[in-house]
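Visitor: What follows is start_7.txt, compact mmCIF, C-alpha atoms.
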# COMPACT_ATOMS: atom_id res chain seq x y z
CA MET A 1 112.22 -8.04 -22.27
CA PHE A 2 113.47 -5.15 -24.28
CA PHE A 3 113.03 -1.72 -22.81
CA GLY A 4 113.64 1.83 -23.97
CA ILE A 5 113.46 5.20 -22.24
CA ALA A 6 111.94 8.18 -23.98
CA VAL A 7 110.53 11.65 -23.61
CA PHE A 8 107.37 12.58 -25.48
CA PRO A 9 107.10 16.27 -26.42
CA GLN A 10 103.74 17.98 -25.95
CA LYS A 11 100.85 17.05 -28.21
CA HIS A 12 101.15 19.97 -30.67
CA VAL A 13 104.74 18.89 -31.42
CA GLN A 14 103.80 15.21 -31.74
CA ASP A 15 101.00 16.11 -34.16
CA LEU A 16 103.27 18.17 -36.39
CA VAL A 17 106.00 15.55 -36.39
CA ASN A 18 103.51 12.78 -37.18
CA SER A 19 102.47 14.65 -40.34
CA TYR A 20 106.02 13.99 -41.59
CA ARG A 21 106.54 10.60 -39.96
CA LYS A 22 103.46 9.24 -41.66
CA ARG A 23 105.33 9.48 -44.95
CA TYR A 24 108.95 9.13 -43.93
CA ASP A 25 109.23 7.00 -40.81
CA PRO A 26 108.54 3.25 -40.89
CA HIS A 27 108.23 3.38 -37.08
CA TYR A 28 105.27 5.76 -37.37
CA SER A 29 102.76 3.24 -36.07
CA LEU A 30 105.06 1.60 -33.52
CA ILE A 31 105.52 4.50 -31.07
CA PRO A 32 104.43 8.14 -30.84
CA PRO A 33 106.99 10.86 -31.71
CA HIS A 34 109.66 10.80 -29.03
CA ILE A 35 113.14 11.80 -27.98
CA THR A 36 115.09 8.71 -27.00
CA LEU A 37 116.94 8.95 -23.69
CA ARG A 38 118.16 5.36 -23.78
CA GLU A 39 118.15 3.07 -26.81
CA LYS A 40 116.59 -0.38 -26.68
CA PHE A 41 118.17 -2.55 -23.99
CA GLU A 42 117.46 -5.93 -22.48
CA LEU A 43 116.41 -6.24 -18.87
CA PRO A 44 115.55 -9.56 -17.24
CA ASP A 45 112.32 -9.52 -15.20
CA GLU A 46 114.17 -9.66 -11.89
CA LYS A 47 116.10 -6.47 -12.67
CA VAL A 48 113.13 -4.31 -13.66
CA GLU A 49 112.25 -3.20 -10.15
CA ASP A 50 115.81 -2.10 -9.45
CA ALA A 51 115.96 -0.13 -12.70
CA VAL A 52 112.65 1.53 -11.82
CA GLN A 53 114.04 2.62 -8.44
CA ARG A 54 117.10 4.10 -10.09
CA LEU A 55 115.01 5.98 -12.64
CA GLU A 56 112.80 7.27 -9.85
CA GLU A 57 115.89 8.65 -8.13
CA ILE A 58 117.07 10.36 -11.32
CA ALA A 59 113.63 11.87 -11.91
CA LYS A 60 113.66 13.31 -8.39
CA GLN A 61 117.01 15.00 -9.02
CA ASN A 62 115.96 16.81 -12.18
CA LYS A 63 113.77 19.83 -12.75
CA PRO A 64 111.17 20.18 -15.51
CA PHE A 65 112.51 22.19 -18.46
CA THR A 66 111.52 23.58 -21.84
CA ILE A 67 113.07 22.68 -25.17
CA GLN A 68 112.97 24.45 -28.51
CA PHE A 69 113.00 22.74 -31.86
CA HIS A 70 114.53 25.22 -34.28
CA LYS A 71 115.56 23.43 -37.45
CA VAL A 72 115.65 20.21 -39.41
CA SER A 73 118.90 18.28 -39.42
CA HIS A 74 120.12 14.79 -40.41
CA PHE A 75 122.57 12.05 -39.43
CA TYR A 76 123.62 11.22 -43.00
CA PRO A 77 125.83 9.35 -43.81
CA THR A 78 125.92 7.72 -40.34
CA SER A 79 122.25 6.90 -40.64
CA HIS A 80 119.51 7.88 -43.07
CA THR A 81 117.60 9.82 -40.44
CA ILE A 82 116.09 13.31 -40.60
CA TYR A 83 115.11 14.99 -37.37
CA LEU A 84 114.07 18.14 -35.61
CA ALA A 85 117.14 19.49 -33.87
CA ILE A 86 116.88 20.73 -30.30
CA LYS A 87 118.28 24.05 -29.17
CA ASP A 88 119.92 23.94 -25.76
CA SER A 89 119.51 20.21 -25.29
CA LYS A 90 121.66 20.16 -22.15
CA PRO A 91 118.88 18.97 -19.76
CA LEU A 92 118.20 16.02 -22.10
CA GLU A 93 121.91 15.18 -22.19
CA THR A 94 122.00 15.33 -18.40
CA LEU A 95 119.11 12.88 -18.16
CA HIS A 96 120.75 10.62 -20.72
CA ASN A 97 124.07 10.71 -18.87
CA GLN A 98 122.54 10.04 -15.48
CA ILE A 99 120.53 7.14 -16.85
CA SER A 100 123.60 5.71 -18.62
CA ALA A 101 125.63 5.95 -15.43
CA SER A 102 122.91 4.36 -13.31
CA LEU A 103 121.85 1.40 -15.45
CA ASP A 104 124.06 -1.35 -16.86
CA PRO A 105 126.16 -0.08 -19.77
CA ILE A 106 124.95 -0.78 -23.31
CA PRO A 107 126.93 -0.35 -26.54
CA MET A 108 126.77 3.25 -27.74
CA PRO A 109 127.92 3.31 -31.35
CA TYR A 110 127.39 7.09 -31.66
CA ASP A 111 127.63 10.13 -29.44
CA TYR A 112 124.30 11.00 -27.90
CA ILE A 113 122.53 13.77 -29.79
CA PRO A 114 118.98 14.29 -28.52
CA HIS A 115 116.65 14.53 -31.52
CA LEU A 116 113.06 14.11 -32.64
CA THR A 117 112.95 11.85 -35.69
CA ILE A 118 110.92 13.01 -38.70
CA GLY A 119 112.03 10.26 -41.07
CA GLN A 120 114.38 7.28 -41.04
CA LYS A 121 115.53 4.29 -43.11
CA MET A 122 114.95 6.46 -46.18
CA SER A 123 116.79 5.93 -49.44
CA GLU A 124 119.71 8.28 -49.96
CA GLU A 125 117.83 10.05 -52.71
CA GLU A 126 114.67 10.52 -50.64
CA LEU A 127 116.68 11.76 -47.68
CA HIS A 128 118.40 14.45 -49.74
CA ASP A 129 115.13 15.37 -51.37
CA VAL A 130 113.19 15.74 -48.11
CA TYR A 131 116.06 17.48 -46.33
CA GLY A 132 116.41 19.86 -49.27
CA THR A 133 112.75 20.80 -48.94
CA LEU A 134 112.72 21.15 -45.15
CA ARG A 135 116.12 22.66 -44.43
CA LEU A 136 115.01 26.20 -45.16
CA ARG A 137 111.82 25.94 -43.16
CA GLN A 138 111.78 27.86 -39.88
CA PHE A 139 110.49 25.96 -36.90
CA GLU A 140 109.47 27.72 -33.73
CA LEU A 141 108.29 24.84 -31.69
CA GLU A 142 108.52 24.61 -27.98
CA SER A 143 107.69 21.87 -25.52
CA LYS A 144 107.67 21.59 -21.78
CA ILE A 145 109.36 18.38 -20.58
CA ASP A 146 108.41 17.31 -17.08
CA ARG A 147 108.54 13.53 -17.30
CA PHE A 148 110.08 10.55 -19.04
CA HIS A 149 108.80 7.04 -19.63
CA LEU A 150 110.08 3.49 -19.45
CA MET A 151 108.64 1.56 -22.38
CA TYR A 152 108.86 -2.11 -23.39
CA GLN A 153 108.70 -3.61 -26.83
CA LEU A 154 106.06 -6.09 -27.92
CA GLU A 155 106.66 -8.93 -30.40
CA ASN A 156 105.24 -6.87 -33.26
CA GLY A 157 107.84 -4.15 -32.71
CA SER A 158 105.47 -1.63 -31.11
CA TRP A 159 106.14 -0.10 -27.70
CA SER A 160 103.92 -0.34 -24.66
CA ILE A 161 104.25 1.77 -21.50
CA HIS A 162 105.71 0.44 -18.28
CA GLN A 163 105.98 3.56 -16.14
CA THR A 164 106.12 7.34 -16.08
CA PHE A 165 108.74 9.23 -14.06
CA LEU A 166 107.96 12.81 -13.11
CA LEU A 167 110.81 15.33 -12.91
CA LYS A 168 110.33 16.63 -9.41
CA LYS A 169 113.31 18.61 -8.21
CA MET B 170 92.52 17.27 -25.37
CA PHE B 171 90.94 13.86 -25.40
CA PHE B 172 92.02 11.44 -22.74
CA GLY B 173 91.36 7.81 -21.93
CA ILE B 174 92.26 5.58 -19.01
CA ALA B 175 93.43 2.03 -19.57
CA VAL B 176 95.12 -0.99 -18.12
CA PHE B 177 97.67 -2.90 -20.19
CA PRO B 178 97.91 -6.61 -19.39
CA GLN B 179 101.37 -8.17 -19.20
CA LYS B 180 103.42 -8.56 -22.36
CA HIS B 181 102.60 -12.24 -23.03
CA VAL B 182 98.90 -11.36 -23.11
CA GLN B 183 99.44 -8.31 -25.31
CA ASP B 184 101.48 -10.38 -27.77
CA LEU B 185 98.81 -13.07 -28.05
CA VAL B 186 96.01 -10.54 -28.46
CA ASN B 187 97.96 -8.61 -31.08
CA SER B 188 98.16 -11.76 -33.21
CA TYR B 189 94.36 -11.49 -33.54
CA ARG B 190 94.10 -7.70 -33.54
CA LYS B 191 96.46 -7.47 -36.48
CA ARG B 192 93.74 -9.04 -38.60
CA TYR B 193 90.55 -8.00 -36.86
CA ASP B 194 91.05 -4.68 -35.09
CA PRO B 195 91.42 -1.43 -37.05
CA HIS B 196 92.82 0.15 -33.85
CA TYR B 197 95.72 -2.32 -33.89
CA SER B 198 98.33 0.34 -34.66
CA LEU B 199 96.75 3.11 -32.59
CA ILE B 200 97.23 1.67 -29.09
CA PRO B 201 98.60 -1.56 -27.56
CA PRO B 202 96.10 -4.19 -26.33
CA HIS B 203 94.32 -2.73 -23.33
CA ILE B 204 91.37 -2.91 -20.99
CA THR B 205 89.58 0.42 -20.98
CA LEU B 206 88.79 1.83 -17.55
CA ARG B 207 87.34 5.06 -18.88
CA GLU B 208 86.31 5.74 -22.46
CA LYS B 209 87.60 8.76 -24.36
CA PHE B 210 86.71 12.01 -22.62
CA GLU B 211 87.60 15.64 -23.07
CA LEU B 212 89.63 17.48 -20.47
CA PRO B 213 90.67 21.11 -20.82
CA ASP B 214 94.36 21.76 -20.03
CA GLU B 215 93.55 23.50 -16.77
CA LYS B 216 91.71 20.45 -15.42
CA VAL B 217 94.41 17.87 -16.15
CA GLU B 218 96.34 18.40 -12.93
CA ASP B 219 93.23 18.00 -10.82
CA ALA B 220 92.27 14.79 -12.65
CA VAL B 221 95.81 13.47 -12.10
CA GLN B 222 95.54 14.12 -8.36
CA ARG B 223 92.24 12.28 -8.20
CA LEU B 224 93.63 9.30 -10.12
CA GLU B 225 96.64 9.26 -7.82
CA GLU B 226 94.29 9.02 -4.84
CA ILE B 227 92.36 6.16 -6.43
CA ALA B 228 95.59 4.30 -7.24
CA LYS B 229 96.67 4.61 -3.61
CA GLN B 230 93.41 3.07 -2.40
CA ASN B 231 93.62 -0.06 -4.56
CA LYS B 232 95.77 -3.16 -4.33
CA PRO B 233 97.47 -4.91 -7.25
CA PHE B 234 95.47 -7.91 -8.44
CA THR B 235 95.53 -10.74 -10.95
CA ILE B 236 93.02 -11.34 -13.72
CA GLN B 237 92.28 -14.43 -15.78
CA PHE B 238 91.15 -14.41 -19.37
CA HIS B 239 89.17 -17.58 -19.85
CA LYS B 240 87.15 -17.34 -23.05
CA VAL B 241 86.26 -15.36 -26.12
CA SER B 242 83.02 -13.40 -26.06
CA HIS B 243 81.32 -10.67 -28.12
CA PHE B 244 79.07 -7.62 -27.82
CA TYR B 245 76.98 -8.40 -30.90
CA PRO B 246 74.50 -6.96 -31.76
CA THR B 247 75.29 -3.94 -29.56
CA SER B 248 78.66 -3.61 -31.23
CA HIS B 249 80.64 -5.75 -33.62
CA THR B 250 83.38 -6.44 -31.10
CA ILE B 251 85.00 -9.73 -30.11
CA TYR B 252 87.01 -9.84 -26.91
CA LEU B 253 88.74 -11.92 -24.29
CA ALA B 254 86.41 -12.11 -21.33
CA ILE B 255 87.77 -11.63 -17.83
CA LYS B 256 86.99 -14.00 -14.98
CA ASP B 257 86.40 -12.24 -11.66
CA SER B 258 86.68 -8.74 -13.07
CA LYS B 259 85.55 -7.12 -9.83
CA PRO B 260 88.79 -5.18 -9.16
CA LEU B 261 88.54 -3.65 -12.64
CA GLU B 262 84.92 -2.69 -12.03
CA THR B 263 85.95 -1.11 -8.74
CA LEU B 264 88.60 0.98 -10.47
CA HIS B 265 86.13 1.94 -13.18
CA ASN B 266 83.51 2.94 -10.61
CA GLN B 267 85.91 4.96 -8.50
CA ILE B 268 87.22 6.78 -11.55
CA SER B 269 83.68 7.47 -12.80
CA ALA B 270 82.69 8.84 -9.40
CA SER B 271 85.79 11.01 -9.12
CA LEU B 272 85.95 12.61 -12.58
CA ASP B 273 83.23 14.57 -14.37
CA PRO B 274 80.48 12.29 -15.64
CA ILE B 275 80.55 11.22 -19.30
CA PRO B 276 77.77 9.52 -21.26
CA MET B 277 77.82 5.76 -20.71
CA PRO B 278 75.68 4.16 -23.39
CA TYR B 279 76.38 0.64 -22.11
CA ASP B 280 77.00 -1.06 -18.78
CA TYR B 281 80.69 -1.37 -18.04
CA ILE B 282 82.03 -4.81 -18.91
CA PRO B 283 85.82 -4.96 -18.63
CA HIS B 284 87.19 -6.69 -21.72
CA LEU B 285 90.26 -7.07 -23.89
CA THR B 286 89.33 -6.44 -27.51
CA ILE B 287 90.48 -8.96 -30.13
CA GLY B 288 88.53 -7.50 -33.04
CA GLN B 289 86.09 -4.68 -33.69
CA LYS B 290 84.18 -2.87 -36.44
CA MET B 291 83.99 -6.22 -38.24
CA SER B 292 81.27 -7.08 -40.70
CA GLU B 293 78.49 -9.19 -39.21
CA GLU B 294 79.60 -12.14 -41.30
CA GLU B 295 83.24 -11.86 -40.25
CA LEU B 296 82.28 -11.50 -36.61
CA HIS B 297 80.23 -14.68 -36.64
CA ASP B 298 82.95 -16.47 -38.55
CA VAL B 299 85.77 -15.47 -36.18
CA TYR B 300 83.67 -16.02 -33.08
CA GLY B 301 82.65 -19.42 -34.39
CA THR B 302 86.31 -20.36 -34.74
CA LEU B 303 87.45 -18.98 -31.40
CA ARG B 304 84.53 -19.75 -29.12
CA LEU B 305 85.64 -23.32 -28.47
CA ARG B 306 89.23 -22.41 -27.81
CA GLN B 307 90.36 -22.65 -24.20
CA PHE B 308 92.34 -19.71 -22.90
CA GLU B 309 94.33 -19.92 -19.74
CA LEU B 310 95.86 -16.52 -19.64
CA GLU B 311 96.69 -14.62 -16.53
CA SER B 312 98.01 -11.15 -15.94
CA LYS B 313 99.09 -9.21 -12.90
CA ILE B 314 97.60 -5.72 -12.86
CA ASP B 315 99.44 -3.25 -10.65
CA ARG B 316 98.98 0.05 -12.51
CA PHE B 317 96.79 2.01 -14.87
CA HIS B 318 97.58 4.78 -17.33
CA LEU B 319 96.17 8.11 -18.39
CA MET B 320 96.57 8.41 -22.17
CA TYR B 321 95.80 11.24 -24.60
CA GLN B 322 94.85 11.00 -28.22
CA LEU B 323 96.89 12.54 -31.03
CA GLU B 324 95.40 13.99 -34.23
CA ASN B 325 96.07 10.77 -36.13
CA GLY B 326 93.93 8.78 -33.69
CA SER B 327 96.84 7.09 -31.89
CA TRP B 328 97.30 7.32 -28.13
CA SER B 329 100.29 8.74 -26.30
CA ILE B 330 101.04 8.31 -22.59
CA HIS B 331 100.48 11.04 -20.05
CA GLN B 332 101.07 9.25 -16.76
CA THR B 333 101.21 5.92 -14.97
CA PHE B 334 99.43 5.34 -11.67
CA LEU B 335 100.70 2.51 -9.46
CA LEU B 336 98.23 0.58 -7.33
CA LYS B 337 99.80 0.97 -3.94
CA LYS B 338 97.43 -0.05 -1.17
Would you put the structure from the file into structure tokens?
Guide:
Amino acid sequence: MFFGIAVFPQKHVQDLVNSYRKRYDPHYSLIPPHITLREKFELPDEKVEDAVQRLEEIAKQNKPFTIQFHKVSHFYPTSHTIYLAIKDSKPLETLHNQISASLDPIPMPYDYIPHLTIGQKMSEEELHDVYGTLRLRQFELESKIDRFHLMYQLENGSWSIHQTFLLKK
Amino acid sequence: MFFGIAVFPQKHVQDLVNSYRKRYDPHYSLIPPHITLREKFELPDEKVEDAVQRLEEIAKQNKPFTIQFHKVSHFYPTSHTIYLAIKDSKPLETLHNQISASLDPIPMPYDYIPHLTIGQKMSEEELHDVYGTLRLRQFELESKIDRFHLMYQLENGSWSIHQTFLLKK
């Protein structure tokens, strides 16, 4: 099965982001707004329990934290993605790094930049247009992060939940 | 916020059910295939932690179990819903009853019948048509159930995950 690991910001952030995703993100109906900690990876059934134990350990070693979303940014030309950028994203990078070190390595084509996608797979023109409109907008969004989730992908591309891990340090 | 409590059957069951839901269930993109343990209910922020503790207790008192889906059934005329019926659904009823007894009461217009929805909000004609086609089909589907999940609803009607509870007895 294919798994992914993600953090969901609090509801008020998800609701705001969905108002953009509805128009600009083809994954809108496949998963709620999230910050990816680990991209899609394959895990045979017999390795799931071990991965869960390792994630449990990582969750125990990390404290809950708060993140701020302060501006809109993009990954163009690497990918046609627009996202809410995260101020002081160090705790997310720590989680990402610990997870990467603990589970089997997967190809990482880009450096890890924690982000909350607003739109993706847009045409170049649409991307510039939307970014042009949103880049001057001030965002003062904050979310407590006290957990992450192991998700698995269904045949239709949507993501179902396997397990929550509470940050408990 | 509005919360709900559900069980997700294993992936092979979700994939099969989604092949029907895609056509017959307007909630197809709002939540993966699930068995509801507690219908949508409101919980103020300050009561969430207490509810989580109670659910944790219930999870600890229940053992993992296996369910069989053996046939298609419907709730017509009470509601225009078609579903996979569950053989020996006692452990689900137990979970439902314990959750109902532990959290604040909510209106229960119908008796609790654990089910996995295939289609809903269909026209009467479509319901009879689909049921007529599926009623003779044999299902031999099985799923291990070793956890349930507390979900919350976003503004767009979709459901995001709050926490997983592992059956641990």
Visitor: Please identify every residue of chain B that has at least one atom no more than 9 Å from any atom of chain A, counting only C-alpha atoms, and report them as a list in words.
Guide: Met170, Phe177, Lys180, His181, Gln183, Asp184, Asn187, Ser188, Ser198, Leu199, Ile200, Pro201, Pro202, Arg316, His318, Tyr321, Gln322, Leu323, Glu324, Asn325, Ser327, Trp328, Ser329, Ile330, His331, Gln332, Thr333, Phe334 and Leu335 of chain B
Visitor: For range 143-147 of chain A, what centre and edge lengths in Å (one decimal) does the axis-aligned box get once 4 Å is added on each side of all its listed atoms, as JSON?
Guide:
{"center_x": 108.5, "center_y": 17.7, "center_z": -21.3, "size_x": 9.7, "size_y": 16.3, "size_z": 16.4}
Visitor: Name the closest residue to His80 in chain A among the candidates A:Thr117, A:Gly132, A:Arg137, A:Leu43; distances are taken between atoms, counting all atoms listed in the file.
Guide: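 Among the listed residues, A:Thr117 lies closest to His80 in chain A.
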Visitor: So which residues touch Leu37 in chain A within 12 Å, counting only C-alpha atoms, skipping near sequence neighbours fewer than 6 positions away, as an MDAnalysis selection string?
Guide: chainID A and resid 3:8 55 89 91:100 112:116 147:151
Visitor: May I have the selected residues written with C-alpha atoms, as a PDB file, keeping the file's coordinate frame?
Guide:
ATOM      1  CA  PHE A   3     113.030  -1.720 -22.810  1.00  0.00           C
ATOM      2  CA  GLY A   4     113.640   1.830 -23.970  1.00  0.00           C
ATOM      3  CA  ILE A   5     113.460   5.200 -22.240  1.00  0.00           C
ATOM      4  CA  ALA A   6     111.940   8.180 -23.980  1.00  0.00           C
ATOM      5  CA  VAL A   7     110.530  11.650 -23.610  1.00  0.00           C
ATOM      6  CA  PHE A   8     107.370  12.580 -25.480  1.00  0.00           C
ATOM      7  CA  LEU A  55     115.010   5.980 -12.640  1.00  0.00           C
ATOM      8  CA  SER A  89     119.510  20.210 -25.290  1.00  0.00           C
ATOM      9  CA  PRO A  91     118.880  18.970 -19.760  1.00  0.00           C
ATOM     10  CA  LEU A  92     118.200  16.020 -22.100  1.00  0.00           C
ATOM     11  CA  GLU A  93     121.910  15.180 -22.190  1.00  0.00           C
ATOM     12  CA  THR A  94     122.000  15.330 -18.400  1.00  0.00           C
ATOM     13  CA  LEU A  95     119.110  12.880 -18.160  1.00  0.00           C
ATOM     14  CA  HIS A  96     120.750  10.620 -20.720  1.00  0.00           C
ATOM     15  CA  ASN A  97     124.070  10.710 -18.870  1.00  0.00           C
ATOM     16  CA  GLN A  98     122.540  10.040 -15.480  1.00  0.00           C
ATOM     17  CA  ILE A  99     120.530   7.140 -16.850  1.00  0.00           C
ATOM     18  CA  SER A 100     123.600   5.710 -18.620  1.00  0.00           C
ATOM     19  CA  TYR A 112     124.300  11.000 -27.900  1.00  0.00           C
ATOM     20  CA  ILE A 113     122.530  13.770 -29.790  1.00  0.00           C
ATOM     21  CA  PRO A 114     118.980  14.290 -28.520  1.00  0.00           C
ATOM     22  CA  HIS A 115     116.650  14.530 -31.520  1.00  0.00           C
ATOM     23  CA  LEU A 116     113.060  14.110 -32.640  1.00  0.00           C
ATOM     24  CA  ARG A 147     108.540  13.530 -17.300  1.00  0.00           C
ATOM     25  CA  PHE A 148     110.080  10.550 -19.040  1.00  0.00           C
ATOM     26  CA  HIS A 149     108.800   7.040 -19.630  1.00  0.00           C
ATOM     27  CA  LEU A 150     110.080   3.490 -19.450  1.00  0.00           C
ATOM     28  CA  MET A 151     108.640   1.560 -22.380  1.00  0.00           C
TER      29      MET A 151
END
Visitor: One decimal, Å: what's the distance from CA of Val182 in chain B over to CA of Ile35 in chain A, could you say?
Guide: 27.6 Å
